[in-house]
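Reviewing the structure listed below.
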Amino acid sequence: MRGLSLTARLSLLFALAAALVLLAVGWVVARSVEHHFLEMDQQEIRGKVALVRNLLARSSTPEALAALPRQLEAALVGHHGLAVRVQGPDGAPWFSTAGVQVPASALAAVPSAREHWVEWREGGRAFRGLAAGAPSGLPGSATYRVAIALDISHHQDFMAGFRRTLVAAMTLAALVTAALGWAATRAGLTPLRRVTALAASLDANRLDARLPQIRVPPEIETLVLAFNAMLARLEDSFRRLSEFSGDIAHELRTPIGNLMVQTQVALSEARDIEEYREVLYSSLEEYERMAQMVGDMLFLAQADNGQLRPSTAPVDLAAEVRALFDYLDAWAEERGVRLVLEGGGRPVLGDRLMLRRALSNLLTNGIRHTPPGAEVRVRLSDEGRVTRISVENPGEPIPPEHLPRLFDRFYRLDPARRREAEGAGLGLAIVKSIVDAHGGRIAVASDGQGTRFSIALAGAQTPGLREPGGVA
Ligand SMILES: Nc1ncnc2c1ncn2[C@@H]1O[C@H](COP(=O)(O)OP(=O)(O)O)[C@@H](O)[C@H]1O
Ligand SMILES: [Mg+2]
């Protein structure tokens, strides 16, 4: 069946099923017609045998007995295809009809009182008969034997014709069913062909196409739903991808433009060494920012390709946080922000450099958004199998509509504050890809109290850290 179209398969199955059902029905019909004929024949023969026995039983004188053959002749003549044979008590033939003869063997087999059915063929014709003992009315006389048979050829001919008709009708019906099945299947598969046609017509510019769900059979509805959902996911990924490359171009244009203007201004007239040096320093800053952005993008590209494979060594998060505090202290102090670590807990299994990078991104964001005089608070705690790290800072709350997209690439709340914010909006995307690569979860909450990022990672004792969904 491999390679056969669905329509052809279903049509064949229809035909096969129809043939089987018709075969069963035909068999039952043929059997009951045959049975009907048998009963008819037997009833007629029994009637004749009863007649002969009755006549014999009523003949109580030798005269009556002697007159009986003529009586029988008169009673039975004209019955086409009827063969009668009566045998005397001595075994000698006593009466028989002209024409077809009941074979003597039929009578020989009869034990005196019992009935015995016989069938035979003769001269291309078939006969069915009954042999039976028949006591005469003559006192002291032994039992006669009667055999009466009927020509059943026409019944058998009829049955043969009937069977041929049945077979022909069944074959025809099976063929018709196959054809109807083919048409029905083709009609039934129309929605499937629509799905195929749409899938074939899709390209990047038509990802917004969706299959209509109206009047689709339930079996195909799931396919349509899955297909539409796939299209939606593709469209979303594709949109993000094109936005991403658009964003990259956009983010690079500004620093390159700055560099160009700066260089053109510097070259527009003769300058002394000090001025050139200043321009170069300023350019260096711009280069560094671009290098940082390109490095971040490379990191995210690796994460996208599944190439981000964190090592799984035990990492003491408290030690990492303290090291980061040392590194960021001067900058935080400059902004009037204090850094606080609370709690501790067991080590987590993970990649030390990556986890440090994630914490560093969260801390720099926190410091940047904390008003002077306030503090950024890091909390470490163990909750069952899970180690939780939260970085919390007071400050203006992030409006709820921004929260779901905060981890998207190049996503920043206020584009106007771009230059001042100093980042390209890749920091949180990197944090999320690092947490994902560790099989952890990250969440953000923001209200009047401040903003809190919270990461859940598997503790060091837990095997299977990197399995997705390993941490709730
Ligand atoms: N602790 C925080 N408090 C308030 N807003 C924040 C905080 N951390 C991040 N954000 C917002 O999320 C945006 C994205 O952050 P991020 O991905 O680190 O990009 P970047 O720091 O380069 O702007 C930031 O522009 C900022 O608006
Ligand atoms: Mg940042």
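Residue numbering restarts at 1 for every chain of the structure tokens, chains are lettered A, B, ... in their displayed order, and ligands are numbered from 1 as they appear.
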query = When the cut-off is 9 Å and you count only C-alpha atoms and all ligand atoms, which residues lie near ligand 2, shown as number ranges by chain?
reply = A: 361-366, 368, 421-428
Go ahead and write the selection's residues with N, CA and C atoms as a compact mmCIF listing (two decimals), in the first residue's frame.
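This is the output file again16.txt:
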```txt
# COMPACT_ATOMS: atom_id res chain seq x y z
N ASN A 361 25.22 42.44 34.55
CA ASN A 361 24.24 43.21 33.77
C ASN A 361 23.11 43.69 34.66
N LEU A 362 22.64 42.81 35.55
CA LEU A 362 21.53 43.20 36.43
C LEU A 362 21.98 44.31 37.39
N LEU A 363 23.21 44.16 37.90
CA LEU A 363 23.70 45.15 38.87
C LEU A 363 23.90 46.52 38.22
N THR A 364 24.49 46.54 37.02
CA THR A 364 24.71 47.85 36.39
C THR A 364 23.38 48.52 36.07
N ASN A 365 22.39 47.70 35.59
CA ASN A 365 21.06 48.27 35.38
C ASN A 365 20.53 48.86 36.68
N GLY A 366 20.65 48.08 37.77
CA GLY A 366 20.12 48.50 39.07
C GLY A 366 20.76 49.81 39.51
N ARG A 368 22.17 52.00 37.72
CA ARG A 368 21.82 53.10 36.82
C ARG A 368 20.44 53.67 37.13
N ALA A 421 21.38 56.44 28.64
CA ALA A 421 21.32 55.13 29.28
C ALA A 421 22.54 54.28 28.95
N GLU A 422 23.21 54.65 27.87
CA GLU A 422 24.51 54.06 27.55
C GLU A 422 24.49 52.61 27.07
N GLY A 423 23.36 52.02 27.06
CA GLY A 423 23.33 50.63 26.60
C GLY A 423 22.56 50.50 25.31
N ALA A 424 22.74 49.39 24.63
CA ALA A 424 22.03 49.17 23.37
C ALA A 424 20.74 48.40 23.60
N GLY A 425 20.46 48.05 24.87
CA GLY A 425 19.24 47.28 25.14
C GLY A 425 19.45 45.78 24.96
N LEU A 426 20.71 45.34 25.01
CA LEU A 426 20.98 43.91 24.86
C LEU A 426 21.24 43.22 26.20
N GLY A 427 21.45 44.04 27.26
CA GLY A 427 21.87 43.48 28.55
C GLY A 427 20.92 42.42 29.09
N LEU A 428 19.62 42.74 29.13
CA LEU A 428 18.67 41.80 29.71
C LEU A 428 18.46 40.59 28.80
```
inquiry  = Just want the residues within 10 Å of ligand 1, written as a ChimeraX atom specification, counting only C-alpha atoms and all ligand atoms.
reply    = /A:293,358,361-370,376,391-399,402-403,405-415,417-432,444-446,450-453
message = Env of A:Leu353: 10 Å cut, atoms = only C-alpha atoms, seq-sep filter 3 positions within chain, self excluded. Answer as a ChimeraX atom specification.
response = /A:310-311,315,320,350,356-359
task = Quote the spacing between atom CA of A:Ser381 and atom CA of A:Asp296 in Å to one decimal place.
result =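 Those two atoms sit 29.2 Å apart.
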Counting only C-alpha atoms, what is within 10 Å of A:His154, bar same-chain residues fewer than 5 positions away, as a short mmCIF file (atom, residue, chain, number, x, y, z; two decimals) with N, CA and C atoms, in the first residue's frame?
```cif
data_model
loop_
_atom_site.label_atom_id
_atom_site.label_comp_id
_atom_site.auth_asym_id
_atom_site.auth_seq_id
_atom_site.Cartn_x
_atom_site.Cartn_y
_atom_site.Cartn_z
N ARG A 125 -30.52 -34.87 -15.21
CA ARG A 125 -31.52 -34.28 -14.32
C ARG A 125 -31.29 -34.75 -12.89
N ALA A 126 -31.75 -33.91 -11.94
CA ALA A 126 -31.52 -34.24 -10.54
C ALA A 126 -32.85 -34.61 -9.88
N MET A 159 -31.26 -22.03 -8.97
CA MET A 159 -30.26 -21.63 -7.96
C MET A 159 -28.95 -21.23 -8.63
N ALA A 160 -28.55 -22.01 -9.66
CA ALA A 160 -27.29 -21.69 -10.35
C ALA A 160 -27.39 -20.30 -10.97
#
```
query = Which of these, A:Ile220, A:Val176, A:Ser282, A:Ile273, has the shortest distance to A:Arg193 once you count only C-alpha atoms?
reply =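 Ranked by minimum distance to A:Arg193, first place goes to A:Ile220.
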request  = For A:Thr177, work out the shell of residues within 7 Å, counting only C-alpha atoms and skipping chain neighbours fewer than 2 positions away, then give it as a PyMOL selection string.
outcome  = chain A and resi 14-15+18+173-175+179-181
task = Could you tell me, as a PyMOL selection string, which residues of stretch 337-424 of chain A DSSP assigns to helix (DSSP H, G or I) when given the backbone?
result = chain A and resi 352-369+400-405+415-421
Restrict the selected residues to C-alpha atoms and save them as an mmCIF file, in the first residue's frame.
```
data_model
loop_
_atom_site.group_PDB
_atom_site.id
_atom_site.type_symbol
_atom_site.label_atom_id
_atom_site.label_comp_id
_atom_site.auth_asym_id
_atom_site.auth_seq_id
_atom_site.Cartn_x
_atom_site.Cartn_y
_atom_site.Cartn_z
ATOM 1 C CA ARG A 352 31.059 30.995 36.568
ATOM 2 C CA LEU A 353 31.869 33.533 33.862
ATOM 3 C CA MET A 354 28.413 33.469 32.365
ATOM 4 C CA LEU A 355 26.681 33.781 35.730
ATOM 5 C CA ARG A 356 28.969 36.651 36.624
ATOM 6 C CA ARG A 357 28.113 38.363 33.339
ATOM 7 C CA ALA A 358 24.390 37.995 34.036
ATOM 8 C CA LEU A 359 24.728 39.348 37.575
ATOM 9 C CA SER A 360 26.883 42.170 36.328
ATOM 10 C CA ASN A 361 24.243 43.210 33.773
ATOM 11 C CA LEU A 362 21.529 43.204 36.431
ATOM 12 C CA LEU A 363 23.700 45.155 38.871
ATOM 13 C CA THR A 364 24.712 47.853 36.388
ATOM 14 C CA ASN A 365 21.059 48.270 35.385
ATOM 15 C CA GLY A 366 20.124 48.503 39.072
ATOM 16 C CA ILE A 367 22.781 51.049 39.858
ATOM 17 C CA ARG A 368 21.824 53.103 36.824
ATOM 18 C CA HIS A 369 18.160 53.259 37.773
ATOM 19 C CA PRO A 400 3.453 46.926 33.232
ATOM 20 C CA GLU A 401 3.031 46.985 29.440
ATOM 21 C CA HIS A 402 6.814 47.015 29.056
ATOM 22 C CA LEU A 403 7.519 44.093 31.379
ATOM 23 C CA PRO A 404 6.835 41.244 28.910
ATOM 24 C CA ARG A 405 9.191 42.723 26.308
ATOM 25 C CA PRO A 415 14.221 55.677 23.270
ATOM 26 C CA ALA A 416 14.843 59.355 24.046
ATOM 27 C CA ARG A 417 17.074 58.343 26.925
ATOM 28 C CA ARG A 418 19.168 56.086 24.735
ATOM 29 C CA ARG A 419 22.414 57.925 24.753
ATOM 30 C CA GLU A 420 22.217 58.707 28.400
ATOM 31 C CA ALA A 421 21.318 55.126 29.284
#
```
Atom CA of A:Leu12 to atom CA of A:Thr190, distance in Å rounded to a single decimal = 19.0 Å
query = Would you give me, as a VMD selection string, the residues in stretch 361-414 of chain A that DSSP reads as strand (DSSP E)?
reply = chain A and resid 375 to 383 386 to 393
